[in-house]
Structure formats: C-alpha cells, structure tokens
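Shown below: target26.cif, with mmCIF, N, CA and C atoms.
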data_query
#
loop_
_atom_site.label_atom_id
_atom_site.label_comp_id
_atom_site.auth_asym_id
_atom_site.auth_seq_id
_atom_site.Cartn_x
_atom_site.Cartn_y
_atom_site.Cartn_z
N MET A 1 52.75 15.93 -19.85
CA MET A 1 52.72 16.48 -18.52
C MET A 1 53.44 17.83 -18.48
N ASN A 2 54.44 18.05 -19.32
CA ASN A 2 55.23 19.28 -19.29
C ASN A 2 54.44 20.52 -19.64
N ALA A 3 53.38 20.38 -20.43
CA ALA A 3 52.58 21.54 -20.83
C ALA A 3 51.46 21.85 -19.84
N HIS A 4 51.27 21.04 -18.84
CA HIS A 4 50.19 21.25 -17.87
C HIS A 4 50.50 22.45 -16.99
N PRO A 5 49.49 23.25 -16.62
CA PRO A 5 49.72 24.44 -15.78
C PRO A 5 50.31 24.15 -14.40
N SER A 6 50.15 22.94 -13.89
CA SER A 6 50.68 22.60 -12.57
C SER A 6 52.16 22.25 -12.60
N THR A 7 52.69 21.97 -13.75
CA THR A 7 54.07 21.50 -13.86
C THR A 7 55.10 22.46 -13.25
N PRO A 8 55.01 23.78 -13.46
CA PRO A 8 56.03 24.66 -12.86
C PRO A 8 56.13 24.54 -11.33
N ALA A 9 55.02 24.37 -10.65
CA ALA A 9 55.04 24.26 -9.19
C ALA A 9 55.67 22.94 -8.74
N LEU A 10 55.62 21.93 -9.59
CA LEU A 10 56.08 20.60 -9.22
C LEU A 10 57.38 20.17 -9.86
N THR A 11 57.93 20.97 -10.75
CA THR A 11 59.08 20.57 -11.57
C THR A 11 60.23 19.98 -10.77
N LEU A 12 60.62 20.65 -9.71
CA LEU A 12 61.76 20.18 -8.91
C LEU A 12 61.51 18.79 -8.33
N LEU A 13 60.33 18.59 -7.73
CA LEU A 13 60.04 17.29 -7.11
C LEU A 13 59.79 16.20 -8.14
N LEU A 14 59.19 16.55 -9.28
CA LEU A 14 58.94 15.55 -10.32
C LEU A 14 60.26 14.99 -10.86
N SER A 15 61.25 15.86 -11.03
CA SER A 15 62.53 15.39 -11.55
C SER A 15 63.39 14.74 -10.46
N LYS A 16 63.23 15.17 -9.21
CA LYS A 16 64.03 14.61 -8.12
C LYS A 16 63.56 13.21 -7.73
N TYR A 17 62.24 12.96 -7.81
CA TYR A 17 61.66 11.67 -7.43
C TYR A 17 60.81 11.11 -8.57
N PRO A 18 61.44 10.65 -9.65
CA PRO A 18 60.67 10.19 -10.82
C PRO A 18 59.78 8.99 -10.55
N LYS A 19 60.15 8.11 -9.60
CA LYS A 19 59.33 6.92 -9.32
C LYS A 19 57.98 7.28 -8.75
N THR A 20 57.89 8.39 -8.03
CA THR A 20 56.63 8.78 -7.41
C THR A 20 56.02 10.02 -8.07
N SER A 21 56.56 10.44 -9.20
CA SER A 21 56.10 11.67 -9.84
C SER A 21 54.65 11.58 -10.33
N GLY A 22 54.24 10.42 -10.82
CA GLY A 22 52.86 10.27 -11.29
C GLY A 22 51.85 10.45 -10.18
N SER A 23 52.12 9.86 -9.02
CA SER A 23 51.23 10.00 -7.88
C SER A 23 51.18 11.44 -7.40
N LEU A 24 52.34 12.08 -7.32
CA LEU A 24 52.39 13.47 -6.88
C LEU A 24 51.60 14.37 -7.83
N PHE A 25 51.78 14.19 -9.11
CA PHE A 25 51.09 15.00 -10.12
C PHE A 25 49.57 14.83 -10.01
N LEU A 26 49.10 13.59 -9.90
CA LEU A 26 47.65 13.33 -9.82
C LEU A 26 47.03 13.92 -8.55
N VAL A 27 47.66 13.68 -7.42
CA VAL A 27 47.10 14.14 -6.15
C VAL A 27 47.16 15.67 -6.06
N TYR A 28 48.26 16.27 -6.50
CA TYR A 28 48.36 17.73 -6.49
C TYR A 28 47.22 18.36 -7.29
N ASN A 29 47.00 17.85 -8.49
CA ASN A 29 45.95 18.42 -9.33
C ASN A 29 44.55 18.17 -8.77
N ASP A 30 44.35 17.05 -8.11
CA ASP A 30 43.06 16.78 -7.48
C ASP A 30 42.81 17.78 -6.34
N VAL A 31 43.81 17.98 -5.50
CA VAL A 31 43.68 18.88 -4.36
C VAL A 31 43.47 20.33 -4.83
N VAL A 32 44.23 20.76 -5.82
CA VAL A 32 44.16 22.14 -6.29
C VAL A 32 42.91 22.40 -7.13
N HIS A 33 42.66 21.57 -8.12
CA HIS A 33 41.61 21.87 -9.10
C HIS A 33 40.25 21.27 -8.76
N ALA A 34 40.21 20.05 -8.29
CA ALA A 34 38.91 19.41 -8.00
C ALA A 34 38.40 19.77 -6.61
N GLN A 35 39.31 19.82 -5.62
CA GLN A 35 38.87 20.08 -4.25
C GLN A 35 39.04 21.54 -3.83
N SER A 36 39.73 22.33 -4.62
CA SER A 36 39.90 23.78 -4.40
C SER A 36 40.52 24.14 -3.05
N TRP A 37 41.57 23.41 -2.66
CA TRP A 37 42.27 23.75 -1.43
C TRP A 37 42.96 25.10 -1.60
N LYS A 38 43.27 25.73 -0.48
CA LYS A 38 43.94 27.03 -0.47
C LYS A 38 45.39 26.84 -0.01
N ASP A 39 46.25 27.77 -0.40
CA ASP A 39 47.66 27.80 0.04
C ASP A 39 48.37 26.47 -0.18
N VAL A 40 48.13 25.84 -1.32
CA VAL A 40 48.71 24.53 -1.61
C VAL A 40 50.16 24.70 -2.07
N GLU A 41 51.04 23.93 -1.45
CA GLU A 41 52.46 23.95 -1.81
C GLU A 41 53.03 22.54 -1.79
N PRO A 42 53.90 22.23 -2.72
CA PRO A 42 54.60 20.94 -2.66
C PRO A 42 55.66 20.98 -1.56
N VAL A 43 55.92 19.83 -0.97
CA VAL A 43 56.88 19.70 0.13
C VAL A 43 57.82 18.56 -0.19
N ASP A 44 59.11 18.79 -0.01
CA ASP A 44 60.11 17.74 -0.20
C ASP A 44 60.31 17.03 1.14
N LEU A 45 60.03 15.75 1.21
CA LEU A 45 60.18 15.01 2.46
C LEU A 45 61.62 14.64 2.74
N GLY A 46 62.50 14.82 1.79
CA GLY A 46 63.93 14.64 2.01
C GLY A 46 64.40 13.21 2.05
N GLU A 47 65.54 13.01 2.68
CA GLU A 47 66.22 11.72 2.67
C GLU A 47 65.50 10.65 3.48
N GLN A 48 64.82 11.04 4.55
CA GLN A 48 64.14 10.05 5.39
C GLN A 48 63.01 9.34 4.64
N CYS A 49 62.34 10.08 3.81
CA CYS A 49 61.23 9.53 3.02
C CYS A 49 61.32 10.18 1.64
N PRO A 50 62.12 9.61 0.74
CA PRO A 50 62.43 10.29 -0.52
C PRO A 50 61.25 10.37 -1.49
N ARG A 51 60.48 11.45 -1.36
CA ARG A 51 59.34 11.71 -2.23
C ARG A 51 58.83 13.11 -1.95
N GLY A 52 57.91 13.55 -2.76
CA GLY A 52 57.26 14.84 -2.54
C GLY A 52 55.92 14.63 -1.87
N ALA A 53 55.47 15.65 -1.15
CA ALA A 53 54.16 15.64 -0.50
C ALA A 53 53.50 16.99 -0.80
N ILE A 54 52.32 17.19 -0.25
CA ILE A 54 51.56 18.41 -0.49
C ILE A 54 51.05 18.92 0.84
N GLN A 55 51.13 20.23 1.03
CA GLN A 55 50.51 20.83 2.20
C GLN A 55 49.55 21.90 1.72
N GLY A 56 48.48 22.09 2.45
CA GLY A 56 47.50 23.11 2.08
C GLY A 56 46.41 23.20 3.12
N ARG A 57 45.43 24.06 2.83
CA ARG A 57 44.30 24.25 3.73
C ARG A 57 43.01 23.90 2.99
N ARG A 58 42.18 23.12 3.64
CA ARG A 58 40.91 22.71 3.03
C ARG A 58 39.95 23.90 2.97
N PRO A 59 39.15 23.96 1.93
CA PRO A 59 38.15 25.03 1.86
C PRO A 59 36.93 24.68 2.72
N ASN A 60 36.17 25.69 3.05
CA ASN A 60 34.89 25.52 3.75
C ASN A 60 35.00 24.78 5.08
N THR A 61 36.09 25.03 5.81
CA THR A 61 36.23 24.46 7.14
C THR A 61 36.53 25.59 8.12
N ASP A 62 36.20 25.37 9.37
CA ASP A 62 36.49 26.37 10.41
C ASP A 62 37.96 26.37 10.77
N SER A 63 38.62 25.27 10.55
CA SER A 63 40.03 25.13 10.91
C SER A 63 40.92 25.79 9.86
N ASN A 64 41.92 26.47 10.32
CA ASN A 64 42.90 27.08 9.44
C ASN A 64 44.20 26.26 9.44
N GLU A 65 44.10 25.03 9.91
CA GLU A 65 45.24 24.13 10.08
C GLU A 65 45.76 23.62 8.73
N LEU A 66 47.09 23.50 8.64
CA LEU A 66 47.69 22.91 7.44
C LEU A 66 47.41 21.41 7.44
N VAL A 67 47.07 20.90 6.27
CA VAL A 67 46.83 19.47 6.08
C VAL A 67 47.92 18.96 5.15
N TYR A 68 48.48 17.80 5.49
CA TYR A 68 49.53 17.19 4.68
C TYR A 68 48.99 15.97 3.96
N VAL A 69 49.28 15.89 2.67
CA VAL A 69 48.89 14.74 1.86
C VAL A 69 50.16 14.14 1.26
N VAL A 70 50.33 12.84 1.48
CA VAL A 70 51.48 12.14 0.94
C VAL A 70 50.97 11.22 -0.17
N PRO A 71 51.27 11.54 -1.43
CA PRO A 71 50.83 10.70 -2.54
C PRO A 71 51.60 9.39 -2.61
N CYS A 72 50.89 8.33 -2.94
CA CYS A 72 51.55 7.05 -3.18
C CYS A 72 50.69 6.23 -4.13
N SER A 73 51.28 5.24 -4.70
CA SER A 73 50.60 4.37 -5.64
C SER A 73 50.01 3.16 -4.91
N LEU A 74 48.95 2.64 -5.43
CA LEU A 74 48.34 1.44 -4.87
C LEU A 74 49.32 0.27 -4.90
N ALA A 75 50.26 0.30 -5.84
CA ALA A 75 51.24 -0.79 -5.97
C ALA A 75 52.38 -0.70 -4.95
N GLU A 76 52.52 0.44 -4.27
CA GLU A 76 53.59 0.59 -3.29
C GLU A 76 53.26 -0.12 -1.98
N THR A 77 54.30 -0.52 -1.28
CA THR A 77 54.14 -1.11 0.04
C THR A 77 54.28 -0.01 1.08
N VAL A 78 53.26 0.14 1.90
CA VAL A 78 53.28 1.13 2.97
C VAL A 78 53.51 0.37 4.28
N SER A 79 54.64 0.63 4.91
CA SER A 79 54.99 -0.06 6.14
C SER A 79 54.92 0.91 7.32
N TYR A 80 54.99 0.35 8.51
CA TYR A 80 55.01 1.16 9.71
C TYR A 80 56.25 2.06 9.73
N ALA A 81 57.38 1.53 9.32
CA ALA A 81 58.62 2.31 9.27
C ALA A 81 58.49 3.46 8.27
N TRP A 82 57.86 3.20 7.14
CA TRP A 82 57.65 4.24 6.12
C TRP A 82 56.78 5.35 6.68
N LEU A 83 55.71 4.99 7.38
CA LEU A 83 54.83 5.99 7.99
C LEU A 83 55.57 6.79 9.06
N GLN A 84 56.38 6.13 9.87
CA GLN A 84 57.15 6.83 10.90
C GLN A 84 58.10 7.86 10.27
N SER A 85 58.78 7.46 9.21
CA SER A 85 59.70 8.39 8.56
C SER A 85 58.96 9.56 7.91
N THR A 86 57.75 9.30 7.43
CA THR A 86 56.94 10.37 6.84
C THR A 86 56.54 11.38 7.90
N PHE A 87 56.06 10.91 9.05
CA PHE A 87 55.71 11.82 10.14
C PHE A 87 56.93 12.62 10.59
N LYS A 88 58.06 11.97 10.71
CA LYS A 88 59.29 12.63 11.14
C LYS A 88 59.72 13.70 10.13
N SER A 89 59.62 13.39 8.85
CA SER A 89 59.99 14.34 7.80
C SER A 89 59.11 15.59 7.82
N LEU A 90 57.88 15.43 8.26
CA LEU A 90 56.93 16.56 8.32
C LEU A 90 56.90 17.22 9.70
N SER A 91 57.88 16.94 10.53
CA SER A 91 57.98 17.51 11.89
C SER A 91 56.82 17.08 12.79
N ASP A 92 56.45 15.83 12.68
CA ASP A 92 55.45 15.19 13.55
C ASP A 92 54.10 15.90 13.66
N PRO A 93 53.38 16.03 12.56
CA PRO A 93 52.02 16.58 12.66
C PRO A 93 51.11 15.58 13.36
N SER A 94 49.93 16.00 13.79
CA SER A 94 49.02 15.09 14.48
C SER A 94 48.44 14.05 13.52
N GLU A 95 48.39 14.39 12.22
CA GLU A 95 47.88 13.44 11.23
C GLU A 95 48.41 13.79 9.85
N ILE A 96 48.39 12.79 8.99
CA ILE A 96 48.69 12.99 7.57
C ILE A 96 47.61 12.26 6.79
N HIS A 97 47.51 12.57 5.52
CA HIS A 97 46.59 11.86 4.64
C HIS A 97 47.40 11.19 3.55
N LEU A 98 47.14 9.93 3.31
CA LEU A 98 47.74 9.24 2.18
C LEU A 98 46.81 9.42 1.00
N GLY A 99 47.33 9.91 -0.10
CA GLY A 99 46.57 10.02 -1.34
C GLY A 99 46.97 8.85 -2.22
N ILE A 100 46.23 7.76 -2.12
CA ILE A 100 46.59 6.53 -2.82
C ILE A 100 45.89 6.50 -4.17
N ASN A 101 46.68 6.42 -5.23
CA ASN A 101 46.07 6.39 -6.56
C ASN A 101 46.31 5.05 -7.25
N ALA A 102 45.33 4.68 -8.06
CA ALA A 102 45.38 3.43 -8.82
C ALA A 102 45.78 3.73 -10.26
N ASP A 103 45.95 2.69 -11.05
CA ASP A 103 46.34 2.84 -12.45
C ASP A 103 45.31 3.59 -13.27
N ASP A 104 44.04 3.56 -12.85
CA ASP A 104 43.00 4.26 -13.59
C ASP A 104 42.87 5.73 -13.17
N SER A 105 43.80 6.23 -12.38
CA SER A 105 43.88 7.61 -11.89
C SER A 105 42.88 7.94 -10.79
N SER A 106 42.18 6.95 -10.27
CA SER A 106 41.31 7.21 -9.13
C SER A 106 42.18 7.41 -7.89
N ILE A 107 41.68 8.21 -6.95
CA ILE A 107 42.45 8.52 -5.74
C ILE A 107 41.55 8.29 -4.53
N VAL A 108 42.11 7.63 -3.53
CA VAL A 108 41.44 7.42 -2.25
C VAL A 108 42.32 8.03 -1.18
N TYR A 109 41.71 8.79 -0.28
CA TYR A 109 42.46 9.45 0.79
C TYR A 109 42.20 8.73 2.10
N TYR A 110 43.28 8.41 2.81
CA TYR A 110 43.19 7.78 4.13
C TYR A 110 43.87 8.69 5.14
N LYS A 111 43.18 8.96 6.24
CA LYS A 111 43.77 9.77 7.31
C LYS A 111 44.51 8.84 8.26
N ILE A 112 45.78 9.15 8.50
CA ILE A 112 46.62 8.38 9.41
C ILE A 112 47.00 9.30 10.57
N SER A 113 46.66 8.92 11.78
CA SER A 113 46.96 9.73 12.96
C SER A 113 48.24 9.23 13.60
N SER A 114 48.91 10.15 14.27
CA SER A 114 50.13 9.82 14.99
C SER A 114 49.74 9.28 16.37
N GLY A 115 50.17 8.07 16.67
CA GLY A 115 49.85 7.46 17.96
C GLY A 115 48.45 6.89 18.00
N ILE A 116 47.96 6.67 19.20
CA ILE A 116 46.62 6.12 19.40
C ILE A 116 45.65 7.28 19.59
N VAL A 117 44.62 7.29 18.76
CA VAL A 117 43.65 8.38 18.80
C VAL A 117 42.27 7.80 19.03
N LYS A 118 41.56 8.33 20.02
CA LYS A 118 40.20 7.88 20.33
C LYS A 118 39.27 8.33 19.19
N PRO A 119 38.46 7.42 18.67
CA PRO A 119 37.55 7.79 17.60
C PRO A 119 36.46 8.74 18.11
N PRO A 120 35.95 9.63 17.23
CA PRO A 120 34.90 10.54 17.66
C PRO A 120 33.61 9.76 17.98
N VAL A 121 32.85 10.29 18.92
CA VAL A 121 31.60 9.64 19.33
C VAL A 121 30.47 10.05 18.43
#
Write-out of the structure in structure tokens:
Amino acid sequence: MNAHPSTPALTLLLSKYPKTSGSLFLVYNDVVHAQSWKDVEPVDLGEQCPRGAIQGRRPNTDSNELVYVVPCSLAETVSYAWLQSTFKSLSDPSEIHLGINADDSSIVYYKISSGIVKPPV
C-alpha cells in the first residue's frame, strides 16, 4: 500500500486510524480513479467518530455540492448513535454516503439522509 500513488494523500489518516485504513484506502481509490470525482479530499472525523472520510464532487452532475463518503467495513456495526456522531462530525450535511466494503474489495454505497426525507416521486 505504501507505494500506491494515493498513499501520500491518505498517510495521516491511515496511520491515525489503522482499524479503518483498509476501507478508507479502497473507497478513496474507487471515488478518485474509478468514478473520477473532482476536488476529492480526505476528512478527519475526529474524536466523535474516530475515522477518516472523503469529500468531493461527483462528475457529470448539475450540482456543485460537496458529497461526503464515510468508508466502513461490512463487518462493522453501524448504529444510530454512530450515524448521529458522523453527521455531527461533518457539521450536519443533508446526507452522507456509506461506502461499505466487503472482504473481496467490493464496495456498495448507501445514501443516508439526516432526518425524515420524503422519497422522490
């Protein structure tokens, strides 16, 4: 992993949060290289939710809004309290995406909205 081109951007968070470093590395590289997001930066969620996240802008969309992706492993337990602390750490965005990865390196993204949101018609 140390020789990979993405490592310099992630070095601080990979060493600070070793338990979640694999998920962060996989999701970051998927967002940057496979999905070609723009203005991608790692984000430290701090003490409330000790892990790294990713912020960036999706390509080919009309919206210039920052999108937040919080990487996690399929083996982790995601609780309501964990989600609340994640939203709080990111200054309460309207939504976040969980980048859930499995042992085979596959990634599934789930959009989690803050509060009750009416589904689109």
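Atom CA of A:Val121 is positioned 19.5 Å from atom CA of A:Ser63.
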(message) Would you pick out the contacts of stretch 21-24 of chain A at 10 Å or less, using only C-alpha atoms, so that residues sharing its chain but fewer than 3 positions from it are not included, and give the list as a PyMOL selection string?
(response) chain A and resi 1+10-11+13-18+27-30+42+51-54+69-74+99-103+105+107
Residues from the last selection, N, CA and C atoms, saved as a tab-separated table (two decimals), in the coordinates of the input:
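As written to disk, part-v8.tsv reads:
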chain	number	residue	atom	x	y	z
A	1	MET	N	52.75	15.93	-19.85
A	1	MET	CA	52.72	16.48	-18.52
A	1	MET	C	53.44	17.83	-18.48
A	10	LEU	N	55.62	21.93	-9.59
A	10	LEU	CA	56.08	20.60	-9.22
A	10	LEU	C	57.38	20.17	-9.86
A	11	THR	N	57.93	20.97	-10.75
A	11	THR	CA	59.08	20.57	-11.57
A	11	THR	C	60.23	19.98	-10.77
A	13	LEU	N	60.33	18.59	-7.73
A	13	LEU	CA	60.04	17.29	-7.11
A	13	LEU	C	59.79	16.20	-8.14
A	14	LEU	N	59.19	16.55	-9.28
A	14	LEU	CA	58.94	15.55	-10.32
A	14	LEU	C	60.26	14.99	-10.86
A	15	SER	N	61.25	15.86	-11.03
A	15	SER	CA	62.53	15.39	-11.55
A	15	SER	C	63.39	14.74	-10.46
A	16	LYS	N	63.23	15.17	-9.21
A	16	LYS	CA	64.03	14.61	-8.12
A	16	LYS	C	63.56	13.21	-7.73
A	17	TYR	N	62.24	12.96	-7.81
A	17	TYR	CA	61.66	11.67	-7.43
A	17	TYR	C	60.81	11.11	-8.57
A	18	PRO	N	61.44	10.65	-9.65
A	18	PRO	CA	60.67	10.19	-10.82
A	18	PRO	C	59.78	8.99	-10.55
A	27	VAL	N	47.66	13.68	-7.42
A	27	VAL	CA	47.10	14.14	-6.15
A	27	VAL	C	47.16	15.67	-6.06
A	28	TYR	N	48.26	16.27	-6.50
A	28	TYR	CA	48.36	17.73	-6.49
A	28	TYR	C	47.22	18.36	-7.29
A	29	ASN	N	47.00	17.85	-8.49
A	29	ASN	CA	45.95	18.42	-9.33
A	29	ASN	C	44.55	18.17	-8.77
A	30	ASP	N	44.35	17.05	-8.11
A	30	ASP	CA	43.06	16.78	-7.48
A	30	ASP	C	42.81	17.78	-6.34
A	42	PRO	N	53.90	22.23	-2.72
A	42	PRO	CA	54.60	20.94	-2.66
A	42	PRO	C	55.66	20.98	-1.56
A	51	ARG	N	60.48	11.45	-1.36
A	51	ARG	CA	59.34	11.71	-2.23
A	51	ARG	C	58.83	13.11	-1.95
A	52	GLY	N	57.91	13.55	-2.76
A	52	GLY	CA	57.26	14.84	-2.54
A	52	GLY	C	55.92	14.63	-1.87
A	53	ALA	N	55.47	15.65	-1.15
A	53	ALA	CA	54.16	15.64	-0.50
A	53	ALA	C	53.50	16.99	-0.80
A	54	ILE	N	52.32	17.19	-0.25
A	54	ILE	CA	51.56	18.41	-0.49
A	54	ILE	C	51.05	18.92	0.84
A	69	VAL	N	49.28	15.89	2.67
A	69	VAL	CA	48.89	14.74	1.86
A	69	VAL	C	50.16	14.14	1.26
A	70	VAL	N	50.33	12.84	1.48
A	70	VAL	CA	51.48	12.14	0.94
A	70	VAL	C	50.97	11.22	-0.17
A	71	PRO	N	51.27	11.54	-1.43
A	71	PRO	CA	50.83	10.70	-2.54
A	71	PRO	C	51.60	9.39	-2.61
A	72	CYS	N	50.89	8.33	-2.94
A	72	CYS	CA	51.55	7.05	-3.18
A	72	CYS	C	50.69	6.23	-4.13
A	73	SER	N	51.28	5.24	-4.70
A	73	SER	CA	50.60	4.37	-5.64
A	73	SER	C	50.01	3.16	-4.91
A	74	LEU	N	48.95	2.64	-5.43
A	74	LEU	CA	48.34	1.44	-4.87
A	74	LEU	C	49.32	0.27	-4.90
A	99	GLY	N	47.33	9.91	-0.10
A	99	GLY	CA	46.57	10.02	-1.34
A	99	GLY	C	46.97	8.85	-2.22
A	100	ILE	N	46.23	7.76	-2.12
A	100	ILE	CA	46.59	6.53	-2.82
A	100	ILE	C	45.89	6.50	-4.17
A	101	ASN	N	46.68	6.42	-5.23
A	101	ASN	CA	46.07	6.39	-6.56
A	101	ASN	C	46.31	5.05	-7.25
A	102	ALA	N	45.33	4.68	-8.06
A	102	ALA	CA	45.38	3.43	-8.82
A	102	ALA	C	45.78	3.73	-10.26
A	103	ASP	N	45.95	2.69	-11.05
A	103	ASP	CA	46.34	2.84	-12.45
A	103	ASP	C	45.31	3.59	-13.27
A	105	SER	N	43.80	6.23	-12.38
A	105	SER	CA	43.88	7.61	-11.89
A	105	SER	C	42.88	7.94	-10.79
A	107	ILE	N	41.68	8.21	-6.95
A	107	ILE	CA	42.45	8.52	-5.74
A	107	ILE	C	41.55	8.29	-4.53
(message) When you count only C-alpha atoms, which of these residues is closest to A:Phe25: A:Ile112, A:Ala9, A:Ile96, A:Val67?
(response) A:Ala9
(request) May I ask for the distance between atom N of A:Lys38 and atom CA of A:Asp62, given in Å to one decimal place? (result)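 Between these atoms lies a distance of 12.8 Å.
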(request) Could you please determine the separation between atom CA of A:Glu95 and atom CA of A:Tyr109 in Å, to one decimal place? (result)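 So the answer is 12.4 Å.
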(request) Within chain A, find each residue whose DSSP state, derived from the backbone, is strand (DSSP E or B), and express the selection as a ChimeraX atom specification. (result) /A:38-44,52-57,67-73,95-101,107-113
(request) Write out as a PyMOL selection string the residues lying within 6 Å of stretch 75-92 of chain A, counting all atoms listed in the file and excluding same-chain residues fewer than 6 positions away. (result) chain A and resi 45+48-49
Give me every alpha helix (DSSP H) residue in chain A, going by DSSP on the backbone, as an mmCIF file with N, CA and C atoms, keeping the file's coordinate frame.
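Once everything was written out, this is part26.cif:
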data_model
loop_
_atom_site.group_PDB
_atom_site.id
_atom_site.type_symbol
_atom_site.label_atom_id
_atom_site.label_comp_id
_atom_site.auth_asym_id
_atom_site.auth_seq_id
_atom_site.Cartn_x
_atom_site.Cartn_y
_atom_site.Cartn_z
ATOM 1 N N THR A 7 52.690 21.970 -13.750
ATOM 2 C CA THR A 7 54.070 21.500 -13.860
ATOM 3 C C THR A 7 55.100 22.460 -13.250
ATOM 4 N N PRO A 8 55.010 23.780 -13.460
ATOM 5 C CA PRO A 8 56.030 24.660 -12.860
ATOM 6 C C PRO A 8 56.130 24.540 -11.330
ATOM 7 N N ALA A 9 55.020 24.370 -10.650
ATOM 8 C CA ALA A 9 55.040 24.260 -9.190
ATOM 9 C C ALA A 9 55.670 22.940 -8.740
ATOM 10 N N LEU A 10 55.620 21.930 -9.590
ATOM 11 C CA LEU A 10 56.080 20.600 -9.220
ATOM 12 C C LEU A 10 57.380 20.170 -9.860
ATOM 13 N N THR A 11 57.930 20.970 -10.750
ATOM 14 C CA THR A 11 59.080 20.570 -11.570
ATOM 15 C C THR A 11 60.230 19.980 -10.770
ATOM 16 N N LEU A 12 60.620 20.650 -9.710
ATOM 17 C CA LEU A 12 61.760 20.180 -8.910
ATOM 18 C C LEU A 12 61.510 18.790 -8.330
ATOM 19 N N LEU A 13 60.330 18.590 -7.730
ATOM 20 C CA LEU A 13 60.040 17.290 -7.110
ATOM 21 C C LEU A 13 59.790 16.200 -8.140
ATOM 22 N N LEU A 14 59.190 16.550 -9.280
ATOM 23 C CA LEU A 14 58.940 15.550 -10.320
ATOM 24 C C LEU A 14 60.260 14.990 -10.860
ATOM 25 N N SER A 15 61.250 15.860 -11.030
ATOM 26 C CA SER A 15 62.530 15.390 -11.550
ATOM 27 C C SER A 15 63.390 14.740 -10.460
ATOM 28 N N LYS A 16 63.230 15.170 -9.210
ATOM 29 C CA LYS A 16 64.030 14.610 -8.120
ATOM 30 C C LYS A 16 63.560 13.210 -7.730
ATOM 31 N N SER A 21 56.560 10.440 -9.200
ATOM 32 C CA SER A 21 56.100 11.670 -9.840
ATOM 33 C C SER A 21 54.650 11.580 -10.330
ATOM 34 N N GLY A 22 54.240 10.420 -10.820
ATOM 35 C CA GLY A 22 52.860 10.270 -11.290
ATOM 36 C C GLY A 22 51.850 10.450 -10.180
ATOM 37 N N SER A 23 52.120 9.860 -9.020
ATOM 38 C CA SER A 23 51.230 10.000 -7.880
ATOM 39 C C SER A 23 51.180 11.440 -7.400
ATOM 40 N N LEU A 24 52.340 12.080 -7.320
ATOM 41 C CA LEU A 24 52.390 13.470 -6.880
ATOM 42 C C LEU A 24 51.600 14.370 -7.830
ATOM 43 N N PHE A 25 51.780 14.190 -9.110
ATOM 44 C CA PHE A 25 51.090 15.000 -10.120
ATOM 45 C C PHE A 25 49.570 14.830 -10.010
ATOM 46 N N LEU A 26 49.100 13.590 -9.900
ATOM 47 C CA LEU A 26 47.650 13.330 -9.820
ATOM 48 C C LEU A 26 47.030 13.920 -8.550
ATOM 49 N N VAL A 27 47.660 13.680 -7.420
ATOM 50 C CA VAL A 27 47.100 14.140 -6.150
ATOM 51 C C VAL A 27 47.160 15.670 -6.060
ATOM 52 N N TYR A 28 48.260 16.270 -6.500
ATOM 53 C CA TYR A 28 48.360 17.730 -6.490
ATOM 54 C C TYR A 28 47.220 18.360 -7.290
ATOM 55 N N ASN A 29 47.000 17.850 -8.490
ATOM 56 C CA ASN A 29 45.950 18.420 -9.330
ATOM 57 C C ASN A 29 44.550 18.170 -8.770
ATOM 58 N N TYR A 80 54.990 0.350 8.510
ATOM 59 C CA TYR A 80 55.010 1.160 9.710
ATOM 60 C C TYR A 80 56.250 2.060 9.730
ATOM 61 N N ALA A 81 57.380 1.530 9.320
ATOM 62 C CA ALA A 81 58.620 2.310 9.270
ATOM 63 C C ALA A 81 58.490 3.460 8.270
ATOM 64 N N TRP A 82 57.860 3.200 7.140
ATOM 65 C CA TRP A 82 57.650 4.240 6.120
ATOM 66 C C TRP A 82 56.780 5.350 6.680
ATOM 67 N N LEU A 83 55.710 4.990 7.380
ATOM 68 C CA LEU A 83 54.830 5.990 7.990
ATOM 69 C C LEU A 83 55.570 6.790 9.060
ATOM 70 N N GLN A 84 56.380 6.130 9.870
ATOM 71 C CA GLN A 84 57.150 6.830 10.900
ATOM 72 C C GLN A 84 58.100 7.860 10.270
ATOM 73 N N SER A 85 58.780 7.460 9.210
ATOM 74 C CA SER A 85 59.700 8.390 8.560
ATOM 75 C C SER A 85 58.960 9.560 7.910
ATOM 76 N N THR A 86 57.750 9.300 7.430
ATOM 77 C CA THR A 86 56.940 10.370 6.840
ATOM 78 C C THR A 86 56.540 11.380 7.900
ATOM 79 N N PHE A 87 56.060 10.910 9.050
ATOM 80 C CA PHE A 87 55.710 11.820 10.140
ATOM 81 C C PHE A 87 56.930 12.620 10.590
ATOM 82 N N LYS A 88 58.060 11.970 10.710
ATOM 83 C CA LYS A 88 59.290 12.630 11.140
ATOM 84 C C LYS A 88 59.720 13.700 10.130
ATOM 85 N N SER A 89 59.620 13.390 8.850
ATOM 86 C CA SER A 89 59.990 14.340 7.800
ATOM 87 C C SER A 89 59.110 15.590 7.820
#
(message) So, with all atoms listed in the file as the atoms that count, which of A:Pro8, A:Leu26, A:Glu41, A:Leu98 lies closest to A:Gly56?
(response)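 Checking each of A:Pro8, A:Leu26, A:Glu41, A:Leu98 against A:Gly56, counting all atoms listed in the file, the winner is A:Glu41.
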(request) Could you give me, as a PyMOL selection string, the residues that sit within 7 Å of (36.1, 25.7, -0.2) in the file's coordinates, counting only N, CA and C atoms? (result) chain A and resi 35-37+58-61
Create the file for the chosen residues now, containing N, CA and C atoms and written as a compact mmCIF listing (two decimals), in the frame of the given file.
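out_29.txt written:
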# COMPACT_ATOMS: atom_id res chain seq x y z
N GLN A 35 39.31 19.82 -5.62
CA GLN A 35 38.87 20.08 -4.25
C GLN A 35 39.04 21.54 -3.83
N SER A 36 39.73 22.33 -4.62
CA SER A 36 39.90 23.78 -4.40
C SER A 36 40.52 24.14 -3.05
N TRP A 37 41.57 23.41 -2.66
CA TRP A 37 42.27 23.75 -1.43
C TRP A 37 42.96 25.10 -1.60
N ARG A 58 42.18 23.12 3.64
CA ARG A 58 40.91 22.71 3.03
C ARG A 58 39.95 23.90 2.97
N PRO A 59 39.15 23.96 1.93
CA PRO A 59 38.15 25.03 1.86
C PRO A 59 36.93 24.68 2.72
N ASN A 60 36.17 25.69 3.05
CA ASN A 60 34.89 25.52 3.75
C ASN A 60 35.00 24.78 5.08
N THR A 61 36.09 25.03 5.81
CA THR A 61 36.23 24.46 7.14
C THR A 61 36.53 25.59 8.12
